[in-house]
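data-v2.cif follows (mmCIF, N, CA and C atoms):
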```cif
data_data
loop_
_atom_site.label_atom_id
_atom_site.label_comp_id
_atom_site.auth_asym_id
_atom_site.auth_seq_id
_atom_site.Cartn_x
_atom_site.Cartn_y
_atom_site.Cartn_z
N ARG A 1500 -181.51 116.83 79.48
CA ARG A 1500 -182.59 117.52 80.14
C ARG A 1500 -182.25 119.00 80.29
N ASP A 1501 -181.02 119.30 80.67
CA ASP A 1501 -180.62 120.69 80.86
C ASP A 1501 -180.60 121.47 79.55
N VAL A 1502 -180.20 120.81 78.48
CA VAL A 1502 -180.10 121.49 77.18
C VAL A 1502 -181.46 121.72 76.55
N TRP A 1503 -182.29 120.66 76.50
CA TRP A 1503 -183.56 120.75 75.77
C TRP A 1503 -184.73 121.15 76.66
N GLY A 1504 -184.55 121.08 77.98
CA GLY A 1504 -185.65 121.44 78.87
C GLY A 1504 -186.77 120.41 78.85
N VAL A 1505 -186.44 119.16 78.51
CA VAL A 1505 -187.44 118.11 78.42
C VAL A 1505 -186.97 116.92 79.26
N THR A 1506 -187.89 116.32 79.95
CA THR A 1506 -187.58 115.10 80.68
C THR A 1506 -188.22 113.94 79.94
N PHE A 1507 -187.43 112.96 79.59
CA PHE A 1507 -187.92 111.81 78.85
C PHE A 1507 -187.88 110.59 79.74
N TRP A 1508 -189.00 109.97 79.96
CA TRP A 1508 -189.09 108.76 80.76
C TRP A 1508 -189.38 107.59 79.84
N THR A 1509 -188.72 106.49 80.08
CA THR A 1509 -188.94 105.31 79.27
C THR A 1509 -188.94 104.06 80.14
N SER A 1510 -189.45 103.01 79.60
CA SER A 1510 -189.45 101.73 80.30
C SER A 1510 -188.08 101.08 80.19
N SER A 1511 -187.71 100.31 81.18
CA SER A 1511 -186.44 99.59 81.10
C SER A 1511 -186.47 98.55 79.99
N LYS A 1512 -187.66 98.17 79.56
CA LYS A 1512 -187.81 97.20 78.48
C LYS A 1512 -187.42 97.78 77.12
N THR A 1513 -187.37 99.10 77.00
CA THR A 1513 -187.00 99.74 75.74
C THR A 1513 -185.61 99.27 75.30
N ILE A 1514 -184.67 99.26 76.21
CA ILE A 1514 -183.31 98.82 75.89
C ILE A 1514 -183.32 97.35 75.52
N ASP A 1515 -184.08 96.53 76.24
CA ASP A 1515 -184.17 95.10 75.94
C ASP A 1515 -184.67 94.86 74.52
N VAL A 1516 -185.69 95.61 74.12
CA VAL A 1516 -186.26 95.46 72.78
C VAL A 1516 -185.24 95.83 71.72
N HIS A 1517 -184.59 96.96 71.87
CA HIS A 1517 -183.59 97.40 70.89
C HIS A 1517 -182.39 96.46 70.85
N LEU A 1518 -181.97 95.98 72.01
CA LEU A 1518 -180.86 95.04 72.05
C LEU A 1518 -181.24 93.74 71.34
N GLY A 1519 -182.48 93.31 71.49
CA GLY A 1519 -182.96 92.13 70.78
C GLY A 1519 -182.87 92.31 69.27
N TRP A 1520 -183.22 93.51 68.79
CA TRP A 1520 -183.14 93.80 67.35
C TRP A 1520 -181.69 93.73 66.88
N VAL A 1521 -180.78 94.30 67.67
CA VAL A 1521 -179.36 94.28 67.30
C VAL A 1521 -178.84 92.84 67.27
N ARG A 1522 -179.21 92.06 68.28
CA ARG A 1522 -178.77 90.66 68.31
C ARG A 1522 -179.27 89.89 67.09
N ARG A 1523 -180.55 90.09 66.74
CA ARG A 1523 -181.10 89.41 65.56
C ARG A 1523 -180.39 89.84 64.30
N LYS A 1524 -180.09 91.13 64.17
CA LYS A 1524 -179.38 91.65 63.00
C LYS A 1524 -178.00 91.00 62.86
N LEU A 1525 -177.34 90.76 64.00
CA LEU A 1525 -176.02 90.15 64.00
C LEU A 1525 -176.07 88.63 63.88
N GLY A 1526 -177.28 88.06 63.94
CA GLY A 1526 -177.42 86.62 63.86
C GLY A 1526 -177.17 85.92 65.19
N ASP A 1527 -177.21 86.68 66.27
CA ASP A 1527 -176.99 86.11 67.60
C ASP A 1527 -178.31 85.55 68.12
N ASP A 1528 -178.26 84.47 68.86
CA ASP A 1528 -179.45 83.86 69.44
C ASP A 1528 -179.92 84.72 70.61
N THR A 1529 -181.15 85.24 70.53
CA THR A 1529 -181.64 86.14 71.58
C THR A 1529 -181.87 85.42 72.90
N ARG A 1530 -182.11 84.11 72.87
CA ARG A 1530 -182.33 83.35 74.11
C ARG A 1530 -181.02 82.89 74.75
N HIS A 1531 -180.01 82.65 73.92
CA HIS A 1531 -178.69 82.22 74.41
C HIS A 1531 -177.61 83.01 73.66
N PRO A 1532 -177.53 84.31 73.92
CA PRO A 1532 -176.60 85.16 73.17
C PRO A 1532 -175.14 84.81 73.43
N GLN A 1533 -174.34 84.91 72.38
CA GLN A 1533 -172.92 84.66 72.51
C GLN A 1533 -172.08 85.83 72.02
N LEU A 1534 -172.66 86.72 71.22
CA LEU A 1534 -171.91 87.86 70.70
C LEU A 1534 -171.99 89.07 71.63
N ILE A 1535 -173.17 89.30 72.19
CA ILE A 1535 -173.36 90.39 73.15
C ILE A 1535 -173.98 89.75 74.38
N THR A 1536 -173.27 89.79 75.49
CA THR A 1536 -173.79 89.19 76.71
C THR A 1536 -174.11 90.27 77.73
N THR A 1537 -175.07 89.95 78.59
CA THR A 1537 -175.48 90.87 79.64
C THR A 1537 -174.76 90.50 80.92
N ILE A 1538 -174.11 91.49 81.51
CA ILE A 1538 -173.46 91.32 82.80
C ILE A 1538 -174.38 91.95 83.83
N ARG A 1539 -175.06 91.12 84.57
CA ARG A 1539 -176.08 91.59 85.52
C ARG A 1539 -175.52 92.64 86.48
N GLY A 1540 -176.22 93.75 86.57
CA GLY A 1540 -175.83 94.82 87.47
C GLY A 1540 -174.74 95.74 86.94
N GLN A 1541 -174.20 95.40 85.73
CA GLN A 1541 -173.12 96.22 85.17
C GLN A 1541 -173.42 96.75 83.78
N GLY A 1542 -173.96 95.90 82.91
CA GLY A 1542 -174.23 96.36 81.55
C GLY A 1542 -174.05 95.25 80.53
N LEU A 1543 -173.53 95.62 79.38
CA LEU A 1543 -173.37 94.69 78.26
C LEU A 1543 -171.91 94.50 77.93
N ARG A 1544 -171.60 93.34 77.34
CA ARG A 1544 -170.23 93.07 76.94
C ARG A 1544 -170.25 92.46 75.54
N PHE A 1545 -169.42 93.02 74.65
CA PHE A 1545 -169.22 92.44 73.33
C PHE A 1545 -168.16 91.37 73.47
N GLU A 1546 -168.49 90.15 73.10
CA GLU A 1546 -167.55 89.03 73.22
C GLU A 1546 -166.62 89.05 72.01
N THR A 1547 -165.33 88.87 72.25
CA THR A 1547 -164.35 88.94 71.16
C THR A 1547 -163.70 87.60 70.89
N GLY A 1548 -164.02 86.57 71.66
CA GLY A 1548 -163.36 85.28 71.52
C GLY A 1548 -163.94 84.39 70.43
N LEU A 1549 -164.96 84.85 69.71
CA LEU A 1549 -165.59 84.02 68.69
C LEU A 1549 -165.00 84.30 67.32
N SER A 1550 -164.82 83.25 66.56
CA SER A 1550 -164.39 83.43 65.18
C SER A 1550 -165.61 83.38 64.27
N ILE A 1551 -165.44 83.72 63.02
CA ILE A 1551 -166.56 83.69 62.06
C ILE A 1551 -167.11 82.27 61.95
N ALA A 1552 -166.26 81.27 62.00
CA ALA A 1552 -166.70 79.88 61.92
C ALA A 1552 -167.59 79.53 63.11
N ASP A 1553 -167.30 80.09 64.28
CA ASP A 1553 -168.10 79.81 65.47
C ASP A 1553 -169.51 80.38 65.38
N THR A 1554 -169.66 81.50 64.67
CA THR A 1554 -170.96 82.15 64.57
C THR A 1554 -171.81 81.60 63.46
N GLY A 1555 -171.26 80.77 62.60
CA GLY A 1555 -172.02 80.22 61.49
C GLY A 1555 -172.12 81.15 60.31
N SER A 1556 -171.38 82.25 60.30
CA SER A 1556 -171.43 83.21 59.19
C SER A 1556 -170.44 82.86 58.11
#
```
File written out as C-alpha coordinates:
Amino acid sequence: RDVWGVTFWTSSKTIDVHLGWVRRKLGDDTRHPQLITTIRGQGLRFETGLSIADTGS
(Lines of atoms letter the chains of each structure in order from A and count residues from 1; the text may use other names and numbers.)
(Lines give C-alpha, C1' and ligand atoms only; values in the text may rest on other atoms or scores of the structure.)
Protein backbone atom coordinates (compact mmCIF):
# COMPACT_ATOMS: atom_id res chain seq x y z
CA ARG A 1 0.00 0.00 0.00
CA ASP A 2 2.80 2.43 0.87
CA VAL A 3 4.74 1.71 -2.32
CA TRP A 4 1.93 1.68 -4.89
CA GLY A 5 -0.53 4.01 -3.16
CA VAL A 6 -3.32 1.48 -3.68
CA THR A 7 -5.44 -0.37 -1.18
CA PHE A 8 -6.55 -3.79 -2.32
CA TRP A 9 -9.44 -5.47 -0.55
CA THR A 10 -10.31 -9.08 -1.15
CA SER A 11 -12.60 -11.73 0.22
CA SER A 12 -11.21 -14.31 2.61
CA LYS A 13 -12.56 -16.88 0.15
CA THR A 14 -9.93 -15.83 -2.41
CA ILE A 15 -7.25 -17.76 -0.55
CA ASP A 16 -9.57 -20.76 -0.16
CA VAL A 17 -10.21 -20.85 -3.91
CA HIS A 18 -6.52 -20.63 -4.83
CA LEU A 19 -5.58 -23.19 -2.20
CA GLY A 20 -8.19 -25.53 -3.66
CA TRP A 21 -6.56 -25.16 -7.09
CA VAL A 22 -3.13 -25.96 -5.63
CA ARG A 23 -4.49 -29.01 -3.80
CA ARG A 24 -6.14 -30.31 -6.99
CA LYS A 25 -2.92 -29.75 -8.95
CA LEU A 26 -1.02 -31.80 -6.36
CA GLY A 27 -3.67 -34.52 -6.41
CA ASP A 28 -4.70 -33.84 -2.82
CA ASP A 29 -8.32 -34.42 -1.81
CA THR A 30 -9.88 -30.98 -1.26
CA ARG A 31 -12.45 -32.37 1.21
CA HIS A 32 -9.93 -34.43 3.23
CA PRO A 33 -6.52 -32.91 2.46
CA GLN A 34 -3.40 -34.75 3.52
CA LEU A 35 -0.61 -32.85 1.74
CA ILE A 36 -1.54 -29.32 2.82
CA THR A 37 -3.53 -29.04 6.03
CA THR A 38 -5.17 -26.02 7.59
CA ILE A 39 -4.25 -25.19 11.16
CA ARG A 40 -7.21 -23.19 12.41
CA GLY A 41 -6.24 -19.74 13.64
CA GLN A 42 -2.62 -20.15 12.48
CA GLY A 43 -2.36 -20.91 8.78
CA LEU A 44 -1.32 -23.78 6.54
CA ARG A 45 1.07 -26.66 7.00
CA PHE A 46 2.79 -28.76 4.34
CA GLU A 47 2.79 -32.35 5.59
CA THR A 48 6.11 -34.15 5.14
CA GLY A 49 5.28 -37.58 6.57
CA LEU A 50 3.75 -38.95 3.36
CA SER A 51 5.61 -41.06 0.86
CA ILE A 52 4.86 -41.19 -2.87
CA ALA A 53 3.16 -44.56 -2.33
CA ASP A 54 0.83 -42.97 0.23
CA THR A 55 -0.32 -40.30 -2.21
CA GLY A 56 -1.07 -42.72 -5.03
CA SER A 57 1.43 -41.04 -7.38
- Message: I'd like the interatomic distance between atom CA of Val1516 of chain A and atom CA of Gly1548 of chain A, to a tenth of an Å.
- Response: 25.1 Å
- Could you state which residues are captured by the PyMOL selection byres ((chain A and resi 1535) around 8) in this file, as an NGL selection string? :A and (1522 or 1527-1528 or 1531-1534 or 1536-1538 or 1543-1547)
- Separation of atom CA of Arg1539 of chain A from atom CA of Arg1523 of chain A in Å: 20.7 Å
- Message: Run DSSP on the backbone and tell me which residues of segment 1511-1555 of chain A come out as helix (DSSP H, G or I); list them as a list in words.
- Response: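 Of segment 1511-1555 of chain A, the ones in helix (DSSP H, G or I) are Lys1512, Thr1513, Ile1514, Asp1515, Val1516, His1517, Leu1518, Gly1519, Trp1520, Val1521, Arg1522, Arg1523, Lys1524, Leu1525, Ile1551, Ala1552, Asp1553 and Thr1554 of chain A.
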